[in-house]
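Have a look at protein_37.json; it's JSON, C-alpha atoms:
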```json
[["chain", "number", "residue", "atom", "x", "y", "z"],
["A", 1, "MET", "CA", 0.00, 0.00, 0.00],
["A", 2, "SER", "CA", 1.48, 3.35, -0.95],
["A", 3, "HIS", "CA", 1.71, 6.03, 1.68],
["A", 4, "GLN", "CA", -0.08, 9.31, 1.27],
["A", 5, "VAL", "CA", 1.06, 12.80, 2.07],
["A", 6, "HIS", "CA", -1.89, 15.09, 2.66],
["A", 7, "ALA", "CA", -0.36, 18.53, 2.12],
["A", 8, "PHE", "CA", -2.16, 21.78, 2.83],
["A", 9, "GLU", "CA", 0.23, 24.64, 2.14],
["A", 10, "PRO", "CA", -1.63, 26.60, 3.42],
["A", 11, "PRO", "CA", -4.94, 25.11, 4.59],
["A", 12, "GLU", "CA", -8.16, 27.13, 4.60],
["A", 13, "ARG", "CA", -8.70, 25.86, 8.12],
["A", 14, "PHE", "CA", -6.51, 23.87, 10.50],
["A", 15, "VAL", "CA", -7.80, 23.14, 13.97],
["A", 16, "ALA", "CA", -7.64, 20.77, 16.89],
["A", 17, "GLY", "CA", -11.00, 19.49, 18.03],
["A", 18, "THR", "CA", -12.78, 16.64, 19.72],
["A", 19, "VAL", "CA", -15.59, 14.23, 19.12],
["A", 20, "GLY", "CA", -17.51, 12.64, 21.98],
["A", 21, "ALA", "CA", -18.57, 13.49, 25.52],
["A", 22, "PRO", "CA", -16.12, 14.74, 28.16],
["A", 23, "GLY", "CA", -14.25, 11.80, 29.53],
["A", 24, "GLU", "CA", -14.64, 9.91, 26.26],
["A", 25, "ARG", "CA", -13.40, 12.53, 23.85],
["A", 26, "THR", "CA", -11.34, 11.59, 20.82],
["A", 27, "PHE", "CA", -8.92, 14.33, 19.78],
["A", 28, "PHE", "CA", -8.37, 15.23, 16.14],
["A", 29, "LEU", "CA", -6.30, 17.55, 14.04],
["A", 30, "GLN", "CA", -8.28, 18.58, 11.01],
["A", 31, "ALA", "CA", -7.16, 20.35, 7.86],
["A", 32, "ARG", "CA", -9.45, 21.66, 5.14],
["A", 33, "GLY", "CA", -8.61, 23.19, 1.82],
["A", 34, "GLY", "CA", -9.10, 22.80, -1.92],
["A", 35, "GLY", "CA", -12.25, 20.77, -1.42],
["A", 36, "ARG", "CA", -10.43, 18.22, 0.75],
["A", 37, "LEU", "CA", -10.96, 17.46, 4.41],
["A", 38, "VAL", "CA", -8.45, 15.39, 6.37],
["A", 39, "SER", "CA", -8.87, 14.40, 10.02],
["A", 40, "VAL", "CA", -6.22, 12.56, 12.01],
["A", 41, "ALA", "CA", -6.67, 11.22, 15.53],
["A", 42, "LEU", "CA", -4.23, 11.84, 18.34],
["A", 43, "GLU", "CA", -3.96, 11.84, 22.12],
["A", 44, "LYS", "CA", -4.94, 14.76, 24.32],
["A", 45, "VAL", "CA", -1.37, 14.96, 25.58],
["A", 46, "GLN", "CA", -0.12, 15.28, 21.98],
["A", 47, "VAL", "CA", -2.45, 18.24, 21.36],
["A", 48, "SER", "CA", -1.24, 19.86, 24.55],
["A", 49, "LEU", "CA", 2.41, 19.23, 23.67],
["A", 50, "LEU", "CA", 1.92, 20.48, 20.12],
["A", 51, "ALA", "CA", 0.53, 23.81, 21.38],
["A", 52, "GLU", "CA", 3.44, 24.13, 23.80],
["A", 53, "LYS", "CA", 6.10, 23.30, 21.17],
["A", 54, "LEU", "CA", 4.55, 25.64, 18.60],
["A", 55, "GLU", "CA", 4.68, 28.46, 21.14],
["A", 56, "GLU", "CA", 8.37, 27.70, 21.71],
["A", 57, "LEU", "CA", 8.97, 27.56, 17.96],
["A", 58, "LEU", "CA", 7.40, 31.01, 17.43],
["A", 59, "THR", "CA", 9.42, 32.48, 20.30],
["A", 60, "GLU", "CA", 12.60, 30.96, 18.90],
["A", 61, "ALA", "CA", 11.86, 32.22, 15.38],
["A", 62, "GLN", "CA", 11.37, 35.70, 16.74],
["A", 63, "ARG", "CA", 14.57, 35.53, 18.78],
["A", 64, "ARG", "CA", 16.76, 34.05, 16.05],
["A", 65, "PHE", "CA", 15.32, 35.51, 12.87],
["A", 66, "GLY", "CA", 13.49, 38.61, 14.03],
["A", 67, "VAL", "CA", 10.21, 37.22, 12.78],
["A", 68, "GLN", "CA", 7.40, 39.61, 13.65],
["A", 69, "LEU", "CA", 4.94, 37.73, 15.80],
["A", 70, "PRO", "CA", 1.31, 38.67, 16.04],
["A", 71, "GLU", "CA", 0.19, 40.04, 19.37],
["A", 72, "PRO", "CA", -1.72, 37.44, 21.37],
["A", 73, "THR", "CA", -5.28, 38.36, 20.58],
["A", 74, "VAL", "CA", -8.22, 38.31, 22.90],
["A", 75, "SER", "CA", -10.47, 37.52, 19.98],
["A", 76, "VAL", "CA", -12.36, 34.30, 20.37],
["A", 77, "GLY", "CA", -11.02, 32.91, 17.10],
["A", 78, "ASP", "CA", -12.33, 29.73, 15.56],
["A", 79, "ASN", "CA", -14.54, 27.96, 18.07],
["A", 80, "GLY", "CA", -16.60, 26.07, 15.56],
["A", 81, "PRO", "CA", -16.88, 22.31, 15.80],
["A", 82, "LEU", "CA", -14.86, 20.06, 13.51],
["A", 83, "ASP", "CA", -16.11, 19.87, 9.95],
["A", 84, "THR", "CA", -18.07, 16.72, 9.27],
["A", 85, "PRO", "CA", -17.72, 13.98, 8.38],
["A", 86, "VAL", "CA", -14.85, 13.36, 10.79],
["A", 87, "ASP", "CA", -13.31, 10.29, 9.16],
["A", 88, "GLU", "CA", -10.12, 9.26, 10.87],
["A", 89, "GLU", "CA", -7.47, 9.12, 8.17],
["A", 90, "PHE", "CA", -4.89, 7.70, 10.55],
["A", 91, "ARG", "CA", -3.70, 7.90, 14.15],
["A", 92, "VAL", "CA", -0.78, 10.24, 14.75],
["A", 93, "GLY", "CA", 2.44, 8.72, 16.05],
["A", 94, "THR", "CA", 4.93, 11.54, 15.51],
["A", 95, "LEU", "CA", 4.49, 15.27, 15.19],
["A", 96, "GLY", "CA", 7.25, 17.14, 13.43],
["A", 97, "LEU", "CA", 7.62, 20.92, 13.57],
["A", 98, "ALA", "CA", 9.88, 23.26, 11.67],
["A", 99, "PHE", "CA", 10.12, 26.94, 10.86],
["A", 100, "ASP", "CA", 10.74, 27.83, 7.24],
["A", 101, "VAL", "CA", 12.72, 31.06, 7.30],
["A", 102, "ASP", "CA", 12.33, 31.84, 3.58],
["A", 103, "THR", "CA", 8.57, 32.00, 3.77],
["A", 104, "ALA", "CA", 8.30, 32.82, 7.50],
["A", 105, "THR", "CA", 5.90, 29.94, 7.93],
["A", 106, "VAL", "CA", 5.52, 27.13, 10.41],
["A", 107, "VAL", "CA", 5.44, 23.61, 8.99],
["A", 108, "ILE", "CA", 3.63, 20.96, 11.01],
["A", 109, "GLU", "CA", 3.78, 17.30, 10.04],
["A", 110, "ALA", "CA", 1.57, 14.73, 11.68],
["A", 111, "ILE", "CA", 2.92, 11.28, 10.84],
["A", 112, "ALA", "CA", 0.96, 8.06, 11.25],
["A", 113, "THR", "CA", 1.91, 5.67, 14.01],
["A", 114, "GLY", "CA", 4.55, 3.25, 12.91],
["A", 115, "GLU", "CA", 6.26, 0.73, 15.11],
["A", 116, "GLY", "CA", 7.56, 3.44, 17.42],
["A", 117, "GLU", "CA", 5.90, 5.26, 20.25],
["A", 118, "ALA", "CA", 4.09, 8.58, 20.02],
["A", 119, "GLU", "CA", 6.40, 11.57, 20.18],
["A", 120, "VAL", "CA", 6.85, 15.16, 19.12],
["A", 121, "GLU", "CA", 10.00, 15.90, 17.17],
["A", 122, "LEU", "CA", 11.04, 19.48, 17.11],
["A", 123, "GLY", "CA", 13.01, 20.37, 14.04],
["A", 124, "GLY", "CA", 14.00, 23.83, 15.22],
["A", 125, "PRO", "CA", 13.84, 26.90, 13.02],
["A", 126, "GLU", "CA", 15.55, 25.99, 9.79],
["A", 127, "ASP", "CA", 17.23, 27.73, 6.93],
["A", 128, "ASP", "CA", 16.27, 25.87, 3.80],
["A", 129, "ASP", "CA", 19.21, 27.42, 1.95],
["A", 130, "GLU", "CA", 21.54, 24.82, 3.29],
["A", 131, "GLU", "CA", 21.26, 21.65, 1.29],
["A", 132, "ASP", "CA", 18.48, 19.50, 2.70],
["A", 133, "ALA", "CA", 20.76, 17.38, 4.80],
["A", 134, "ASP", "CA", 17.89, 16.49, 7.06],
["A", 135, "ASP", "CA", 16.25, 14.38, 4.35],
["A", 136, "ASP", "CA", 18.38, 11.42, 5.38],
["A", 137, "GLU", "CA", 16.82, 11.35, 8.81],
["A", 138, "GLU", "CA", 13.21, 11.44, 7.72],
["A", 139, "PRO", "CA", 10.97, 9.19, 9.76],
["A", 140, "ASP", "CA", 9.77, 6.07, 7.99],
["A", 141, "GLU", "CA", 8.76, 7.19, 4.49],
["A", 142, "THR", "CA", 6.14, 4.47, 4.22],
["A", 143, "LEU", "CA", 3.88, 6.19, 6.74],
["A", 144, "ASP", "CA", 0.97, 8.43, 5.85],
["A", 145, "ARG", "CA", 1.37, 12.02, 6.89],
["A", 146, "LEU", "CA", -0.51, 15.29, 7.08],
["A", 147, "ARG", "CA", 1.53, 18.41, 6.37],
["A", 148, "VAL", "CA", 0.30, 21.94, 6.90],
["A", 149, "ARG", "CA", 2.08, 25.24, 6.46],
["A", 150, "LEU", "CA", 0.83, 28.10, 8.61],
["A", 151, "THR", "CA", 1.60, 31.79, 9.00],
["A", 152, "PRO", "CA", 2.64, 32.91, 12.50],
["A", 153, "GLU", "CA", -0.87, 34.40, 12.88],
["A", 154, "ALA", "CA", -2.55, 31.14, 11.96],
["A", 155, "THR", "CA", -0.16, 29.26, 14.24],
["A", 156, "ARG", "CA", -1.05, 31.53, 17.14],
["A", 157, "GLU", "CA", -4.76, 30.95, 16.48],
["A", 158, "PHE", "CA", -4.16, 27.21, 16.33],
["A", 159, "ILE", "CA", -2.33, 27.32, 19.69],
["A", 160, "GLU", "CA", -5.11, 29.32, 21.37],
["A", 161, "ARG", "CA", -7.79, 26.97, 20.14],
["A", 162, "ALA", "CA", -5.79, 23.84, 20.94],
["A", 163, "ARG", "CA", -5.42, 25.04, 24.53],
["A", 164, "ARG", "CA", -9.14, 25.76, 24.79],
["A", 165, "VAL", "CA", -9.93, 22.32, 23.41],
["A", 166, "VAL", "CA", -7.61, 20.59, 25.85],
["A", 167, "ASN", "CA", -9.00, 22.56, 28.78],
["A", 168, "ALA", "CA", -12.63, 22.14, 27.75],
["A", 169, "GLY", "CA", -12.82, 18.62, 29.09],
["A", 170, "ARG", "CA", -14.07, 17.67, 32.50],
["A", 171, "PRO", "CA", -13.41, 20.33, 35.12],
["A", 172, "PRO", "CA", -10.81, 19.28, 37.68],
["A", 173, "CYS", "CA", -11.91, 18.34, 41.19],
["A", 174, "PRO", "CA", -11.05, 21.27, 43.47],
["A", 175, "LEU", "CA", -9.67, 18.83, 46.04],
["A", 176, "CYS", "CA", -7.59, 16.33, 44.11],
["A", 177, "GLY", "CA", -7.28, 17.85, 40.64],
["A", 178, "GLN", "CA", -8.52, 14.71, 38.87],
["A", 179, "PRO", "CA", -11.18, 15.20, 36.19],
["A", 180, "LEU", "CA", -14.72, 15.33, 37.57],
["A", 181, "ASP", "CA", -17.28, 13.10, 35.92],
["A", 182, "PRO", "CA", -20.81, 14.50, 35.66],
["A", 183, "ALA", "CA", -21.81, 11.67, 38.02],
["A", 184, "GLY", "CA", -19.21, 12.70, 40.59],
["A", 185, "HIS", "CA", -16.02, 10.78, 41.16],
["A", 186, "LEU", "CA", -14.18, 8.84, 43.81],
["A", 187, "CYS", "CA", -12.01, 11.53, 45.30],
["A", 188, "PRO", "CA", -8.93, 10.16, 47.04],
["A", 189, "ARG", "CA", -9.09, 13.17, 49.37],
["A", 190, "HIS", "CA", -12.52, 12.01, 50.51],
["A", 191, "ASN", "CA", -11.52, 8.44, 51.28],
["A", 192, "GLY", "CA", -13.49, 7.14, 48.32],
["A", 193, "TYR", "CA", -16.85, 8.77, 49.05],
["A", 194, "HIS", "CA", -18.67, 10.49, 46.21],
["A", 195, "ARG", "CA", -18.96, 14.22, 46.62]]
```

Show me the file's structure as structure tokens.
Amino acid sequence: MSHQVHAFEPPERFVAGTVGAPGERTFFLQARGGGRLVSVALEKVQVSLLAEKLEELLTEAQRRFGVQLPEPTVSVGDNGPLDTPVDEEFRVGTLGLAFDVDTATVVIEAIATGEGEAEVELGGPEDDDEEDADDDEEPDETLDRLRVRLTPEATREFIERARRVVNAGRPPCPLCGQPLDPAGHLCPRHNGYHR
């Protein structure tokens, strides 16, 4: 079976979102553009890590290359649900990030799970002028991947939304910090009694 690269450079929309009730949510990255819609599933922790690493990447790009970053906005941004149908193209194993200095864009690659474990690889800000020496170290080429190229503004919006999505799950228990189920939960601080 040949692998597919779903490239959106740039996408019309690229968001993190969830399907399902709190506690049973499935997390997705979804890209739309040119009449195509691609959804890939990933873990909550990967979404959280991706937002964190993208923030670091933007800060680094500003520090090293003087890239003008958009001010963090208070605008609500894209809060719409995922576009339907949400058909899982693949489950994400590795997330790769890079900054393309020539175009001042952020490149995000979500690569299907292979044999390895889930991880986020940070290819730091890169000058593409040097010969592409990093091609030798590409992760397994036989894996499907989703590649998007975003402006710093779009990246910032993605980060804001990803954080909202991650935090929109079950509220934490004020006593133990574990997620509260609508039906209450067994709080270790309460010796196992429901609140």

- Within 6 Å of segment 76-91 of chain A, counting all atoms listed in the file, which residues qualify if same-chain residues fewer than 5 places away don't, as a list in words? Gly17, Ser39, Val40, Ala41, Leu42 and Ala112 of chain A

Work out how far apart atom CA of Ser2 of chain A and atom CA of Val148 of chain A are and give it in Å to one decimal.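 If I compute the distance from atom CA of Ser2 of chain A to atom CA of Val148 of chain A, I get 20.2 Å.
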
Closest of A:Glu109, A:Glu60, A:Glu43, A:Glu160 to Leu95 of chain A, counting all atoms listed in the file, is A:Glu109

If you count only C-alpha atoms, the residue of A:Phe8, A:Phe65, A:Phe99, A:Phe14 closest to Phe158 of chain A turns out to be A:Phe14

Which polymer residues have any atom within 12 Å of an atom of Leu57 of chain A, counting all atoms listed in the file, with same-chain residues fewer than 4 positions away left out, as a PDB file with C-alpha atoms, keeping the file's coordinate frame?
```pdb
ATOM      1  CA  LEU A  50       1.920  20.480  20.120  1.00  0.00           C
ATOM      2  CA  ALA A  51       0.530  23.810  21.380  1.00  0.00           C
ATOM      3  CA  GLU A  52       3.440  24.130  23.800  1.00  0.00           C
ATOM      4  CA  LYS A  53       6.100  23.300  21.170  1.00  0.00           C
ATOM      5  CA  ALA A  61      11.860  32.220  15.380  1.00  0.00           C
ATOM      6  CA  GLN A  62      11.370  35.700  16.740  1.00  0.00           C
ATOM      7  CA  ARG A  63      14.570  35.530  18.780  1.00  0.00           C
ATOM      8  CA  ARG A  64      16.760  34.050  16.050  1.00  0.00           C
ATOM      9  CA  PHE A  65      15.320  35.510  12.870  1.00  0.00           C
ATOM     10  CA  VAL A  67      10.210  37.220  12.780  1.00  0.00           C
ATOM     11  CA  LEU A  69       4.940  37.730  15.800  1.00  0.00           C
ATOM     12  CA  GLY A  96       7.250  17.140  13.430  1.00  0.00           C
ATOM     13  CA  LEU A  97       7.620  20.920  13.570  1.00  0.00           C
ATOM     14  CA  ALA A  98       9.880  23.260  11.670  1.00  0.00           C
ATOM     15  CA  PHE A  99      10.120  26.940  10.860  1.00  0.00           C
ATOM     16  CA  ASP A 100      10.740  27.830   7.240  1.00  0.00           C
ATOM     17  CA  VAL A 101      12.720  31.060   7.300  1.00  0.00           C
ATOM     18  CA  ALA A 104       8.300  32.820   7.500  1.00  0.00           C
ATOM     19  CA  THR A 105       5.900  29.940   7.930  1.00  0.00           C
ATOM     20  CA  VAL A 106       5.520  27.130  10.410  1.00  0.00           C
ATOM     21  CA  VAL A 107       5.440  23.610   8.990  1.00  0.00           C
ATOM     22  CA  ILE A 108       3.630  20.960  11.010  1.00  0.00           C
ATOM     23  CA  GLU A 121      10.000  15.900  17.170  1.00  0.00           C
ATOM     24  CA  LEU A 122      11.040  19.480  17.110  1.00  0.00           C
ATOM     25  CA  GLY A 123      13.010  20.370  14.040  1.00  0.00           C
ATOM     26  CA  GLY A 124      14.000  23.830  15.220  1.00  0.00           C
ATOM     27  CA  PRO A 125      13.840  26.900  13.020  1.00  0.00           C
ATOM     28  CA  GLU A 126      15.550  25.990   9.790  1.00  0.00           C
ATOM     29  CA  PRO A 152       2.640  32.910  12.500  1.00  0.00           C
ATOM     30  CA  THR A 155      -0.160  29.260  14.240  1.00  0.00           C
ATOM     31  CA  ARG A 156      -1.050  31.530  17.140  1.00  0.00           C
ATOM     32  CA  ILE A 159      -2.330  27.320  19.690  1.00  0.00           C
TER      33      ILE A 159
END
```

Give as a list in words the set of residues within 12 Å of the point (-18.5, 14.8, 28.2), where distances use the file's coordinates and only C-alpha atoms.
-> Thr18, Val19, Gly20, Ala21, Pro22, Gly23, Glu24, Arg25, Thr26, Ala168, Gly169, Arg170, Pro171, Pro179, Leu180, Asp181, Pro182 and Ala183 of chain A

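The space separating atom CA of Val5 of chain A from atom CA of Arg163 of chain A comes to 26.4 Å.
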
- Message: One decimal, in Å: what's the spacing between atom CA of Gln4 of chain A and atom CA of Arg32 of chain A?
- Response: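 Taking atom CA of Gln4 of chain A and atom CA of Arg32 of chain A, their separation equals 16.0 Å.
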
Using only C-alpha atoms, the shortest atom-to-atom distance to Pro70 of chain A among A:Leu29, A:Leu143, A:Glu55, A:Gly35 belongs to A:Glu55

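Those residues that approach Ile111 of chain A to within 7 Å, counting all atoms listed in the file, are A:Val92, A:Gly93, A:Thr94, A:Leu95, A:Leu143, A:Asp144, A:Arg145, A:Leu146; same-chain residues fewer than 3 positions away are not listed.
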
Would you mind putting N, CA and C atoms back on segment 16-50 of chain A and writing the result as a compact mmCIF listing (two decimals), keeping the file's coordinate frame?
```txt
# COMPACT_ATOMS: atom_id res chain seq x y z
N ALA A 16 -7.54 21.94 16.02
CA ALA A 16 -7.64 20.77 16.89
C ALA A 16 -9.07 20.76 17.41
N GLY A 17 -9.64 19.58 17.53
CA GLY A 17 -11.00 19.49 18.03
C GLY A 17 -11.26 18.11 18.58
N THR A 18 -12.46 17.93 19.11
CA THR A 18 -12.78 16.64 19.72
C THR A 18 -14.14 16.15 19.25
N VAL A 19 -14.31 14.86 19.38
CA VAL A 19 -15.59 14.23 19.12
C VAL A 19 -15.89 13.39 20.35
N GLY A 20 -17.13 13.47 20.83
CA GLY A 20 -17.51 12.64 21.98
C GLY A 20 -17.71 13.47 23.24
N ALA A 21 -18.27 12.83 24.25
CA ALA A 21 -18.57 13.49 25.52
C ALA A 21 -17.31 13.63 26.36
N PRO A 22 -17.27 14.62 27.26
CA PRO A 22 -16.12 14.74 28.16
C PRO A 22 -15.85 13.42 28.86
N GLY A 23 -14.59 13.07 28.92
CA GLY A 23 -14.25 11.80 29.53
C GLY A 23 -14.09 10.71 28.49
N GLU A 24 -14.78 10.89 27.34
CA GLU A 24 -14.64 9.91 26.26
C GLU A 24 -14.32 10.61 24.95
N ARG A 25 -13.67 11.76 25.07
CA ARG A 25 -13.40 12.53 23.85
C ARG A 25 -12.27 11.91 23.05
N THR A 26 -12.43 11.95 21.73
CA THR A 26 -11.34 11.59 20.82
C THR A 26 -10.83 12.91 20.24
N PHE A 27 -9.53 13.09 20.27
CA PHE A 27 -8.92 14.33 19.78
C PHE A 27 -8.51 14.17 18.32
N PHE A 28 -8.72 15.23 17.56
CA PHE A 28 -8.37 15.23 16.14
C PHE A 28 -7.64 16.51 15.77
N LEU A 29 -6.77 16.39 14.78
CA LEU A 29 -6.30 17.55 14.04
C LEU A 29 -7.03 17.48 12.72
N GLN A 30 -7.52 18.61 12.25
CA GLN A 30 -8.28 18.58 11.01
C GLN A 30 -7.84 19.73 10.10
N ALA A 31 -7.54 19.36 8.85
CA ALA A 31 -7.16 20.35 7.86
C ALA A 31 -8.18 20.34 6.73
N ARG A 32 -8.51 21.55 6.26
CA ARG A 32 -9.45 21.66 5.14
C ARG A 32 -8.87 22.62 4.12
N GLY A 33 -9.07 22.30 2.87
CA GLY A 33 -8.61 23.19 1.82
C GLY A 33 -8.74 22.53 0.46
N GLY A 34 -9.02 23.33 -0.56
CA GLY A 34 -9.10 22.80 -1.92
C GLY A 34 -10.11 21.68 -2.05
N GLY A 35 -11.20 21.79 -1.31
CA GLY A 35 -12.25 20.77 -1.42
C GLY A 35 -11.92 19.48 -0.71
N ARG A 36 -10.80 19.43 0.02
CA ARG A 36 -10.43 18.22 0.75
C ARG A 36 -10.58 18.47 2.24
N LEU A 37 -10.85 17.40 2.96
CA LEU A 37 -10.96 17.46 4.41
C LEU A 37 -10.23 16.25 4.97
N VAL A 38 -9.22 16.51 5.81
CA VAL A 38 -8.45 15.39 6.37
C VAL A 38 -8.45 15.51 7.89
N SER A 39 -8.86 14.43 8.55
CA SER A 39 -8.87 14.40 10.02
C SER A 39 -7.95 13.28 10.49
N VAL A 40 -7.09 13.59 11.45
CA VAL A 40 -6.22 12.56 12.01
C VAL A 40 -6.39 12.55 13.52
N ALA A 41 -6.43 11.36 14.10
CA ALA A 41 -6.67 11.22 15.53
C ALA A 41 -5.36 11.26 16.30
N LEU A 42 -5.41 11.82 17.51
CA LEU A 42 -4.23 11.84 18.34
C LEU A 42 -4.65 11.92 19.80
N GLU A 43 -3.68 11.81 20.69
CA GLU A 43 -3.96 11.84 22.12
C GLU A 43 -4.06 13.27 22.61
N LYS A 44 -4.81 13.44 23.69
CA LYS A 44 -4.94 14.76 24.32
C LYS A 44 -3.57 15.34 24.65
N VAL A 45 -2.69 14.48 25.19
CA VAL A 45 -1.37 14.96 25.58
C VAL A 45 -0.58 15.44 24.36
N GLN A 46 -0.82 14.84 23.20
CA GLN A 46 -0.12 15.28 21.98
C GLN A 46 -0.60 16.67 21.56
N VAL A 47 -1.92 16.92 21.71
CA VAL A 47 -2.45 18.24 21.36
C VAL A 47 -1.83 19.29 22.27
N SER A 48 -1.78 18.96 23.55
CA SER A 48 -1.24 19.86 24.55
C SER A 48 0.23 20.16 24.27
N LEU A 49 0.99 19.12 23.96
CA LEU A 49 2.41 19.23 23.67
C LEU A 49 2.64 20.02 22.38
N LEU A 50 1.79 19.79 21.40
CA LEU A 50 1.92 20.48 20.12
C LEU A 50 1.75 21.99 20.33
```
